[in-house]
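Chemist: Data file model35.txt (compact mmCIF, C-alpha atoms) is appended below.
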```
# COMPACT_ATOMS: atom_id res chain seq x y z
CA MET H 1 0.00 0.00 0.00
CA THR H 2 1.34 3.40 -0.95
CA HIS H 3 1.76 6.08 1.65
CA LYS H 4 -0.96 8.14 0.02
CA ARG H 5 -3.49 5.29 0.22
CA LEU H 6 -2.52 4.53 3.78
CA PHE H 7 -2.97 8.18 4.68
CA THR H 8 -6.40 8.28 3.03
CA LEU H 9 -7.43 5.07 4.83
CA LEU H 10 -6.33 6.53 8.16
CA LEU H 11 -8.31 9.68 7.50
CA ILE H 12 -11.40 7.65 6.67
CA MET H 13 -10.97 5.61 9.83
CA LEU H 14 -10.30 8.62 12.06
CA PRO H 15 -13.93 9.19 13.08
CA ALA H 16 -14.27 5.51 13.93
CA ILE H 17 -11.03 5.57 15.92
CA PHE H 18 -12.12 8.76 17.63
CA THR H 19 -15.47 7.25 18.58
CA ALA H 20 -13.82 4.12 19.88
CA CYS H 21 -11.42 6.17 21.98
CA SER H 22 -14.11 8.45 23.34
CA SER H 23 -16.39 5.64 24.37
CA ASP H 24 -15.98 4.80 28.00
CA ASP H 25 -16.02 1.84 30.24
CA ASP H 26 -19.59 2.57 31.22
CA ASP H 27 -21.04 0.52 28.38
CA ASP H 28 -22.24 -2.26 30.63
CA LEU H 29 -22.95 -0.25 33.73
CA ILE H 30 -26.53 -0.03 34.84
CA GLY H 31 -28.22 3.35 35.20
CA LYS H 32 -29.24 6.14 32.88
CA TRP H 33 -28.97 9.87 33.58
CA TYR H 34 -31.66 12.23 32.32
CA ARG H 35 -31.24 15.98 32.11
CA VAL H 36 -34.41 17.58 33.46
CA SER H 37 -35.56 21.18 33.94
CA ASP H 38 -32.49 23.42 34.01
CA PHE H 39 -32.20 26.01 36.69
CA ASP H 40 -31.31 28.12 33.72
CA GLY H 41 -29.22 31.15 34.63
CA LEU H 42 -29.10 30.45 38.32
CA ALA H 43 -25.77 28.66 38.27
CA ARG H 44 -24.18 28.07 41.66
CA SER H 45 -21.97 25.73 43.62
CA ASP H 46 -21.65 24.75 47.26
CA ALA H 47 -25.38 25.22 47.77
CA SER H 48 -27.26 23.37 50.50
CA SER H 49 -30.25 21.15 49.89
CA PHE H 50 -32.91 19.13 51.65
CA THR H 51 -35.89 17.15 50.42
CA ILE H 52 -39.42 17.14 51.79
CA GLY H 53 -41.79 14.72 50.07
CA ASN H 54 -41.42 15.15 46.34
CA LYS H 55 -39.93 18.63 46.58
CA GLY H 56 -36.22 19.36 46.61
CA TYR H 57 -35.13 22.60 48.27
CA LEU H 58 -32.01 24.41 47.13
CA VAL H 59 -30.73 27.22 49.33
CA CYS H 60 -27.71 29.54 49.53
CA GLY H 61 -24.55 28.78 47.51
CA TRP H 62 -21.83 30.57 45.62
CA THR H 63 -22.01 31.99 42.08
CA GLY H 64 -18.27 32.40 41.73
CA LYS H 65 -18.70 36.08 42.56
CA LYS H 66 -21.18 36.33 45.39
CA CYS H 67 -22.86 34.39 48.17
CA LEU H 68 -26.54 33.59 47.82
CA SER H 69 -29.45 33.42 50.25
CA ASP H 70 -32.38 32.56 48.00
CA LEU H 71 -34.44 29.41 48.46
CA TRP H 72 -35.99 27.47 45.60
CA ALA H 73 -38.23 24.42 45.63
CA TYR H 74 -38.02 21.91 42.78
CA ASP H 75 -41.20 19.92 42.19
CA MET H 76 -40.21 16.43 41.04
CA GLU H 77 -43.70 15.78 39.64
CA THR H 78 -44.09 18.89 37.51
CA ASP H 79 -40.35 19.40 36.85
CA SER H 80 -40.65 23.10 37.74
CA TRP H 81 -39.27 25.56 40.30
CA THR H 82 -40.95 27.86 42.83
CA GLN H 83 -39.06 30.58 44.67
CA LYS H 84 -39.72 30.44 48.41
CA ALA H 85 -38.89 32.71 51.35
CA SER H 86 -35.23 33.69 51.24
CA PHE H 87 -32.88 32.48 53.95
CA PRO H 88 -32.86 35.36 56.49
CA GLY H 89 -29.33 34.79 57.81
CA THR H 90 -26.13 36.02 56.16
CA ALA H 91 -25.80 34.83 52.57
CA ARG H 92 -23.30 31.97 52.54
CA TYR H 93 -22.08 28.75 50.99
CA LEU H 94 -20.70 25.44 52.26
CA ALA H 95 -23.47 25.37 54.85
CA THR H 96 -25.21 22.09 55.64
CA ALA H 97 -28.92 21.27 55.55
CA PHE H 98 -31.27 18.39 56.36
CA ASN H 99 -34.94 17.84 57.03
CA ILE H 100 -37.02 16.51 59.89
CA GLY H 101 -40.57 15.88 58.75
CA ASN H 102 -41.83 18.87 56.81
CA LYS H 103 -39.19 21.22 58.20
CA GLY H 104 -35.82 21.98 56.73
CA TYR H 105 -32.80 23.00 58.81
CA LEU H 106 -29.69 24.88 57.76
CA GLY H 107 -26.63 25.73 59.79
CA THR H 108 -22.92 26.56 59.69
CA GLY H 109 -21.27 27.79 56.46
CA PHE H 110 -18.85 30.37 55.18
CA ASP H 111 -19.04 33.72 53.36
CA ASN H 112 -15.35 34.22 52.44
CA GLU H 113 -14.80 36.19 55.63
CA SER H 114 -16.37 34.29 58.50
CA TYR H 115 -17.35 30.81 59.49
CA TYR H 116 -20.86 30.52 60.93
CA ASN H 117 -22.52 28.44 63.63
CA ASP H 118 -26.02 29.90 63.52
CA PHE H 119 -28.86 27.49 62.90
CA TRP H 120 -32.20 28.02 61.19
CA GLU H 121 -35.46 26.18 60.66
CA TYR H 122 -37.58 26.45 57.51
CA ASP H 123 -41.23 25.48 57.83
CA SER H 124 -42.30 24.28 54.39
CA THR H 125 -45.98 24.29 55.38
CA ASN H 126 -46.01 28.00 56.19
CA ASN H 127 -43.02 29.10 54.06
CA THR H 128 -41.33 30.74 57.07
CA TRP H 129 -37.85 30.81 58.57
CA GLU H 130 -37.07 30.90 62.29
CA GLN H 131 -33.70 31.11 64.01
CA LYS H 132 -33.06 28.28 66.46
CA ALA H 133 -30.48 27.62 69.17
CA PRO H 134 -27.03 28.00 67.61
CA PHE H 135 -24.95 24.98 66.70
CA PRO H 136 -22.76 24.44 69.81
CA GLY H 137 -19.66 23.30 67.95
CA SER H 138 -17.19 25.74 66.47
CA ALA H 139 -18.30 27.85 63.51
CA ARG H 140 -17.31 25.89 60.41
CA ARG H 141 -17.79 25.03 56.76
CA GLY H 142 -18.07 21.73 54.91
CA ALA H 143 -19.90 20.00 57.76
CA ILE H 144 -22.32 17.13 57.17
CA SER H 145 -25.80 16.68 58.59
CA PHE H 146 -28.78 14.39 58.57
CA GLY H 147 -32.24 14.11 60.12
CA LEU H 148 -32.88 10.83 61.87
CA GLY H 149 -35.56 9.62 64.29
CA GLY H 150 -36.99 13.10 64.82
CA LYS H 151 -33.62 14.66 65.61
CA GLY H 152 -31.02 16.48 63.57
CA TYR H 153 -27.29 15.79 63.55
CA ILE H 154 -24.41 18.02 62.43
CA GLY H 155 -20.72 17.23 62.63
CA SER H 156 -17.28 17.14 61.04
CA GLY H 157 -16.20 19.98 58.74
CA PHE H 158 -13.43 22.54 58.82
CA ASP H 159 -12.93 25.58 61.09
CA GLY H 160 -9.28 26.14 60.25
CA ASN H 161 -8.71 22.58 61.44
CA TYR H 162 -10.31 19.36 60.30
CA LEU H 163 -13.07 18.19 62.63
CA LYS H 164 -14.89 15.04 63.70
CA ASP H 165 -17.11 16.22 66.56
CA PHE H 166 -20.85 15.60 66.27
CA TYR H 167 -23.94 17.13 67.90
CA SER H 168 -27.63 16.28 67.90
CA PHE H 169 -30.48 18.79 67.80
CA ASN H 170 -33.84 18.16 69.42
CA PRO H 171 -36.48 20.32 67.69
CA LEU H 172 -38.99 19.78 70.49
CA SER H 173 -36.74 21.36 73.13
CA ASN H 174 -34.75 23.54 70.68
CA SER H 175 -31.58 22.24 72.27
CA TRP H 176 -28.29 20.63 71.27
CA GLU H 177 -26.34 17.80 72.82
CA GLN H 178 -22.85 16.61 71.96
CA ILE H 179 -22.76 12.97 70.91
CA ILE H 180 -19.91 10.55 70.36
CA SER H 181 -17.62 11.85 67.62
CA ILE H 182 -17.48 9.92 64.39
CA GLY H 183 -14.76 7.27 64.58
CA GLY H 184 -11.72 7.28 62.37
CA SER H 185 -10.65 10.29 60.42
CA LYS H 186 -11.46 13.93 60.85
CA ARG H 187 -12.92 15.14 57.60
CA THR H 188 -14.48 17.93 55.56
CA GLY H 189 -16.42 17.63 52.30
CA ALA H 190 -17.77 14.27 53.43
CA THR H 191 -20.94 12.64 52.11
CA CYS H 192 -23.76 11.18 54.18
CA PHE H 193 -27.05 9.45 53.58
CA VAL H 194 -29.80 7.80 55.63
CA ILE H 195 -31.16 4.32 54.95
CA ASN H 196 -33.61 2.49 57.23
CA ASP H 197 -33.17 4.86 60.17
CA GLU H 198 -29.41 4.65 60.20
CA ALA H 199 -26.99 7.29 58.91
CA TYR H 200 -23.90 6.54 56.84
CA VAL H 201 -20.87 8.82 56.51
CA CYS H 202 -18.07 8.37 54.01
CA CYS H 203 -15.65 10.26 51.76
CA GLY H 204 -14.26 13.71 52.45
CA GLN H 205 -10.69 14.74 52.95
CA ASN H 206 -8.35 15.30 55.85
CA ASN H 207 -5.19 17.35 55.32
CA GLY H 208 -5.16 16.52 51.63
CA ASP H 209 -5.76 12.78 52.14
CA TYR H 210 -8.96 11.31 50.79
CA VAL H 211 -10.63 9.52 53.65
CA LYS H 212 -11.11 5.78 53.20
CA ASP H 213 -12.96 4.80 56.37
CA PHE H 214 -16.75 4.46 56.30
CA TRP H 215 -19.09 4.71 59.30
CA LYS H 216 -22.67 4.04 60.28
CA PHE H 217 -24.54 5.83 63.07
CA ASN H 218 -27.33 4.14 65.00
CA PRO H 219 -29.51 6.72 66.80
CA SER H 220 -31.00 4.18 69.25
CA SER H 221 -27.64 3.22 70.70
CA GLY H 222 -26.03 6.57 69.88
CA THR H 223 -22.97 4.76 68.56
CA TRP H 224 -20.90 4.67 65.40
CA SER H 225 -19.81 1.40 63.83
CA GLN H 226 -17.16 1.05 61.19
CA LEU H 227 -18.03 -0.54 57.86
CA ARG H 228 -15.71 -1.80 55.15
CA ASP H 229 -13.32 0.77 53.74
CA ILE H 230 -14.30 2.43 50.47
CA ALA H 231 -10.87 1.81 48.92
CA ASP H 232 -8.87 -1.27 48.01
CA THR H 233 -7.48 -1.87 51.48
CA SER H 234 -8.39 -5.53 52.04
CA ASP H 235 -6.78 -8.71 50.73
CA ASP H 236 -10.16 -9.81 49.37
CA ASP H 237 -11.36 -9.31 45.81
CA TYR H 238 -14.52 -7.31 46.47
CA ASP H 239 -12.69 -4.00 46.74
CA ASP H 240 -10.12 -4.50 43.99
CA ASP H 241 -11.90 -2.01 41.71
CA TYR H 242 -13.04 0.39 44.40
CA ASN H 243 -12.31 3.96 43.41
CA ILE H 244 -14.85 5.73 45.58
CA VAL H 245 -12.88 8.13 47.74
CA ARG H 246 -13.39 11.80 46.96
CA THR H 247 -14.32 15.08 48.57
CA ASN H 248 -17.37 17.27 47.96
CA GLY H 249 -19.21 14.33 46.41
CA VAL H 250 -22.96 14.05 46.60
CA SER H 251 -25.39 11.29 47.46
CA PHE H 252 -29.03 10.32 47.23
CA VAL H 253 -31.05 7.24 48.12
CA ILE H 254 -33.31 5.28 45.79
CA ASP H 255 -35.20 2.19 46.95
CA GLY H 256 -32.96 1.52 49.92
CA SER H 257 -29.65 1.88 48.06
CA ALA H 258 -27.41 4.92 48.18
CA TYR H 259 -25.69 6.48 45.17
CA ILE H 260 -22.57 8.64 45.34
CA SER H 261 -21.40 10.73 42.41
CA CYS H 262 -19.46 13.85 41.37
CA GLY H 263 -16.92 15.46 43.69
CA GLU H 264 -13.17 15.69 43.25
CA SER H 265 -9.98 13.86 44.09
CA GLY H 266 -7.24 15.69 42.26
CA SER H 267 -9.53 15.81 39.24
CA LEU H 268 -13.28 16.18 38.88
CA ARG H 269 -15.28 13.00 39.27
CA SER H 270 -18.31 11.73 37.44
CA ASP H 271 -18.07 8.05 38.29
CA THR H 272 -21.04 6.89 40.31
CA TRP H 273 -21.22 4.17 42.96
CA LYS H 274 -24.17 2.34 44.43
CA TYR H 275 -24.09 1.16 48.02
CA ASN H 276 -26.05 -1.85 49.21
CA PRO H 277 -26.49 -1.66 53.01
CA GLN H 278 -27.45 -5.36 53.24
CA THR H 279 -24.12 -6.53 51.87
CA ASP H 280 -22.01 -3.49 52.76
CA LEU H 281 -20.70 -3.57 49.17
CA TRP H 282 -20.36 -0.95 46.45
CA GLU H 283 -21.07 -1.34 42.75
CA ASN H 284 -19.93 0.96 39.97
CA VAL H 285 -22.95 2.22 38.00
CA ALA H 286 -23.40 4.57 35.02
CA LYS H 287 -21.28 7.66 35.39
CA PHE H 288 -22.87 11.08 35.75
CA LYS H 289 -23.78 12.31 32.28
CA GLY H 290 -23.35 16.04 32.77
CA THR H 291 -19.99 17.78 32.75
CA PRO H 292 -17.87 16.38 35.59
CA ARG H 293 -18.26 18.62 38.59
CA THR H 294 -17.91 19.07 42.29
CA ALA H 295 -19.72 20.88 45.10
CA THR H 296 -23.12 19.87 43.75
CA ALA H 297 -26.34 19.52 45.70
CA SER H 298 -28.79 16.66 45.54
CA PHE H 299 -32.47 15.93 46.08
CA SER H 300 -33.38 12.54 47.43
CA SER H 301 -36.98 11.50 47.92
CA GLY H 302 -36.13 7.87 48.66
CA GLU H 303 -37.61 6.91 45.30
CA ARG H 304 -35.96 9.45 43.04
CA GLY H 305 -32.52 11.05 43.06
CA PHE H 306 -31.36 14.30 41.42
CA ILE H 307 -28.08 16.15 41.12
CA VAL H 308 -28.34 19.90 40.78
CA SER H 309 -25.86 22.77 40.30
CA GLY H 310 -22.14 22.44 41.07
CA LYS H 311 -18.91 23.71 39.58
CA SER H 312 -15.87 22.80 37.55
CA SER H 313 -12.61 24.71 37.76
CA THR H 314 -14.02 27.51 35.62
CA LEU H 315 -17.81 27.23 35.54
CA GLN H 316 -20.77 27.16 37.87
CA PHE H 317 -23.58 24.92 36.61
CA ASP H 318 -27.34 25.38 36.48
CA ASP H 319 -28.44 22.04 35.08
CA ILE H 320 -30.25 19.28 36.94
CA TRP H 321 -29.99 15.55 36.29
CA GLU H 322 -31.96 12.54 37.46
CA LEU H 323 -30.64 8.99 37.65
CA HIS H 324 -32.94 6.21 36.51
CA PRO H 325 -31.10 3.39 38.25
CA TYR H 326 -32.63 0.38 36.48
CA GLU H 327 -32.22 1.52 32.87
CA TYR H 328 -29.24 1.28 30.56
CA ASP H 329 -27.90 4.10 28.40
CA ASP H 330 -27.11 3.09 24.82
CA GLU H 331 -25.37 6.38 24.19
CA ASP H 332 -21.63 6.69 24.67
CA TYR H 333 -20.55 9.69 26.71
CA MET T 334 -5.90 13.83 -23.10
CA ASN T 335 -3.75 12.00 -20.59
CA MET T 336 -2.78 15.34 -19.12
CA MET T 337 -6.49 16.30 -18.68
CA MET T 338 -7.25 12.96 -16.96
CA LYS T 339 -4.31 13.47 -14.61
CA ILE T 340 -5.56 16.94 -13.66
CA ILE T 341 -9.09 15.65 -13.04
CA ARG T 342 -7.74 12.72 -10.97
CA SER T 343 -5.52 15.05 -9.00
CA ARG T 344 -8.47 17.37 -8.30
CA LYS T 345 -10.59 14.40 -7.23
CA THR T 346 -7.88 13.22 -4.83
CA ARG T 347 -7.57 16.70 -3.37
CA LEU T 348 -11.34 16.96 -2.94
CA LEU T 349 -11.47 13.53 -1.31
CA THR T 350 -8.59 14.43 1.01
CA ALA T 351 -10.27 17.73 1.93
CA CYS T 352 -13.53 15.89 2.70
CA MET T 353 -11.68 13.33 4.75
CA LEU T 354 -9.93 16.08 6.69
CA LEU T 355 -13.14 18.01 7.21
CA LEU T 356 -15.08 14.99 8.43
CA PRO T 357 -13.10 14.43 11.65
CA ILE T 358 -13.13 18.18 12.35
CA LEU T 359 -16.91 18.33 11.95
CA PHE T 360 -17.22 15.19 14.04
CA THR T 361 -15.05 16.74 16.77
CA LEU T 362 -17.07 19.95 16.74
CA TYR T 363 -20.31 17.96 17.02
CA TYR T 364 -18.96 15.78 19.81
CA PHE T 365 -17.81 18.70 21.93
CA ARG T 366 -20.79 20.85 21.08
CA SER T 367 -21.90 23.22 23.81
CA GLY T 368 -25.00 22.20 25.64
CA GLU T 369 -24.27 22.19 29.30
CA MET T 370 -25.02 25.75 30.15
CA GLY T 371 -28.31 27.35 29.25
CA SER T 372 -28.10 29.12 25.95
CA PRO T 373 -30.22 32.29 25.86
CA ASP T 374 -30.47 32.03 22.08
CA LYS T 375 -32.36 28.77 22.19
CA ARG T 376 -34.78 29.89 24.87
CA GLN T 377 -38.25 31.10 24.17
CA LEU T 378 -39.52 32.58 27.39
CA GLU T 379 -43.03 33.60 28.16
CA LEU T 380 -44.67 35.15 31.22
CA GLN T 381 -48.18 34.10 32.11
CA THR T 382 -50.29 35.24 35.04
CA PHE T 383 -53.00 33.09 36.54
CA GLN T 384 -55.78 33.63 39.02
CA LEU T 385 -56.02 31.76 42.29
CA ARG T 386 -58.91 31.70 44.76
CA ASP T 387 -57.45 34.55 46.81
CA GLY T 388 -55.09 36.34 44.43
CA TRP T 389 -52.75 35.98 41.48
CA GLY T 390 -49.59 34.11 40.57
CA TYR T 391 -47.29 33.85 37.58
CA ARG T 392 -45.67 31.18 35.46
CA ILE T 393 -42.53 31.43 33.37
CA MET T 394 -42.69 29.11 30.40
CA MET T 395 -39.48 28.14 28.64
CA ASN T 396 -39.97 26.66 25.20
CA ARG T 397 -43.60 26.06 26.19
CA LYS T 398 -42.60 24.07 29.25
CA MET T 399 -43.18 25.45 32.73
CA LEU T 400 -39.88 26.47 34.32
CA ILE T 401 -41.16 28.56 37.23
CA TYR T 402 -44.52 28.18 38.93
CA GLN T 403 -45.05 31.01 41.40
CA PRO T 404 -48.39 30.84 43.24
CA THR T 405 -47.03 32.79 46.26
CA ILE T 406 -45.03 36.01 46.59
CA PRO T 407 -41.36 34.98 46.34
CA ALA T 408 -38.52 35.87 48.74
CA ILE T 409 -40.68 36.79 51.75
CA ASP T 410 -42.13 34.65 54.55
CA THR T 411 -45.64 34.19 53.28
CA LEU T 412 -48.09 31.84 51.65
CA MET T 413 -49.99 34.76 50.18
CA PRO T 414 -50.41 35.06 46.43
CA PHE T 415 -50.09 38.45 44.73
CA PRO T 416 -53.08 40.66 45.55
CA ASP T 417 -53.76 41.52 41.90
CA GLN T 418 -52.76 40.61 38.37
CA ALA T 419 -50.70 43.78 37.92
CA SER T 420 -48.35 42.98 40.81
CA ALA T 421 -47.96 39.35 39.72
CA HIS T 422 -47.18 40.57 36.22
CA ALA T 423 -44.72 43.21 37.51
CA ILE T 424 -42.65 40.74 39.55
CA GLY T 425 -42.90 38.08 36.83
CA SER T 426 -41.60 40.66 34.35
CA ILE T 427 -38.52 41.24 36.48
CA VAL T 428 -37.82 37.49 36.43
CA LEU T 429 -38.37 37.36 32.69
CA GLU T 430 -36.12 40.35 32.05
CA ARG T 431 -33.30 38.85 34.14
CA LEU T 432 -33.73 35.46 32.50
CA ASN T 433 -33.48 37.07 29.09
CA ALA T 434 -30.33 38.87 30.19
CA ASN T 435 -29.01 35.53 31.55
CA ARG T 436 -28.67 37.09 35.00
CA ASP T 437 -29.48 35.83 38.49
CA PHE T 438 -33.26 35.91 38.33
CA SER T 439 -34.05 35.31 41.99
CA ILE T 440 -36.41 37.92 43.35
CA THR T 441 -35.08 39.67 46.46
CA LYS T 442 -36.95 41.18 49.37
CA GLY T 443 -35.79 44.54 47.94
CA ASP T 444 -37.64 43.81 44.67
CA ILE T 445 -40.83 43.08 46.58
CA LYS T 446 -40.44 46.20 48.75
CA ALA T 447 -39.77 48.38 45.72
CA ARG T 448 -42.96 47.09 44.09
CA SER T 449 -45.09 47.65 47.20
CA HIS T 450 -43.71 51.20 47.64
CA LYS T 451 -44.77 52.01 44.10
CA HIS T 452 -48.38 51.19 44.98
```
Hey, can you dump this file as structure tokens for me?

Modeler:
Amino acid sequence: MTHKRLFTLLLIMLPAIFTACSSDDDDDLIGKWYRVSDFDGLARSDASSFTIGNKGYLVCGWTGKKCLSDLWAYDMETDSWTQKASFPGTARYLATAFNIGNKGYLGTGFDNESYYNDFWEYDSTNNTWEQKAPFPGSARRGAISFGLGGKGYIGSGFDGNYLKDFYSFNPLSNSWEQIISIGGSKRTGATCFVINDEAYVCCGQNNGDYVKDFWKFNPSSGTWSQLRDIADTSDDDYDDDYNIVRTNGVSFVIDGSAYISCGESGSLRSDTWKYNPQTDLWENVAKFKGTPRTATASFSSGERGFIVSGKSSTLQFDDIWELHPYEYDDEDY
Amino acid sequence: MNMMMKIIRSRKTRLLTACMLLLPILFTLYYFRSGEMGSPDKRQLELQTFQLRDGWGYRIMMNRKMLIYQPTIPAIDTLMPFPDQASAHAIGSIVLERLNANRDFSITKGDIKARSHKH
């Protein structure tokens, strides 16, 4: 074959080669991501979120230029947004939020000058905010929180140092109590989720190290128990492909399984992992279909899971994606 | 005659090579096409007001799909709808204008105050 013919053949094959190279390893992974109603123009990162029924609430955040204090509700049924009462505290980002019943709670955070430890309750029935007893730990950012058994829990984070202390909030008495600190590593940018009345905490970083230890909190006993590491630390095969560790990842729960996606670990992450609490094992599922990003928020109704907003190194995002966990995506991306 | 055939063949080869070169470029452009961020050019936005039992609300439709459904006054602690169609339309117009300008379209308490001072 002459050089000219070989060159022409290569040119013809280039698109095919390109396609082959750009296809990923997700071909066989279960799950399909759907882009739903964009929050078009309201791009932000490091927002806080909580879910009440079939509505996801997105509050505060960072546009790349300014801190936000607006509150929006996303209706999963109608795929539309309603602006609610704005957060009355100082506009901020890297706060943490959770819900107990039909009330949302937001506390801690950062506004580029100060760390905060104030704590607020949002009543979704009356669309009102009320300041509650302040979080008793140090003012901080990047904390994690969850509502469990009628109480709220906030812990970990960063106040200039990495933290692992935890506190519980009783909404009936408007009071806080320190509980046993999470075992293992101090961490910020961790991810947590609640399944069957137990809370799970994983990921995050501590002094530049991505945290590998994984913990479960039981509110009845008030104790933490360690689960299997989320990295390849055992001699067994089950964790050989584990590549889960990251910071500023996001989670949601669908049908009793948790999903973790996005975040960063040196580079931006889009790989997605499903956690089965019965087996304490993780499975790699279809990677996030939007642009890889970190500092996203999520809505989790227990039956549906959404990822909203976030940032890359240069952009803040306004799109929202839903994972359909039992479908396959034929499209390469 | 042979000379003519050679020229035609040479032109054909050049054309084929150009097409072959263009194809991967077009493919690359298509593959990395923009689509992540909202593009104002592709958006067709419309403001609609609607009546509720005790007041008025507004909807922002984007490409005929509801993006914002606002049955209560935004930004403030209330479940109240707008008292009249004009105020719903006025606040909805602010949202629409900011959306069209691809700006932060959240209504602030200041926007609501400014509107109520006008009337």

Chemist: For chain T, which residues have at least one atom within 6 Å of chain H, if we go by only C-alpha atoms? Write them as a list of chain:residue names, please.

Modeler: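 Here is what falls inside 6 Å: T:Met353, T:Pro357, T:Gly371, T:Leu400, T:Ile401, T:Tyr402, T:Gln403, T:Pro407, T:Ala408, T:Ile409, T:Asp410, T:Thr411, T:Asn435, T:Arg436, T:Asp437.
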
Chemist: Do you know which residues are at most 8 Å from Lys164 (chain H) counting only C-alpha atoms, after dropping those on the same chain fewer than 3 positions away, and could you put them as a ChimeraX atom specification?

Modeler: /H:155-157,181-183,185-187

Chemist: Which one is closest to Ala423 (chain T): T:Met394, T:Met399, T:Leu349, T:Leu380? Count only C-alpha atoms.

Modeler: T:Leu380

Chemist: Set up a box along x, y and z of the file covering all listed atoms of region 314-326 of chain H, add 8 Å on every one of the six sides, and write the centre and edge lengths in Å to one decimal, as lines of an AutoDock Vina configuration file.

Modeler:
```
center_x = -23.5
center_y = 13.9
center_z = 36.7
size_x = 34.9
size_y = 43.1
size_z = 19.2
```

Chemist: Taking 5 positions as the minimum chain separation for residues in the same chain, which residues sit within 12 Å of Ala447 (chain T) when counting all atoms listed in the file? Answer as a list in words.

Modeler: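 Here the qualifying residues turn out to be Ser420, Ala423, Ile424, Ile427, Ile440, Thr441, Lys442 and His452 of chain T.
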
Chemist: Excluding same-chain residues fewer than 2 positions from Gly61 (chain H), what lies within 9 Å of it counting only C-alpha atoms, as number ranges by chain?

Modeler: H: 44-48, 58-59, 63, 66-70, 91-95
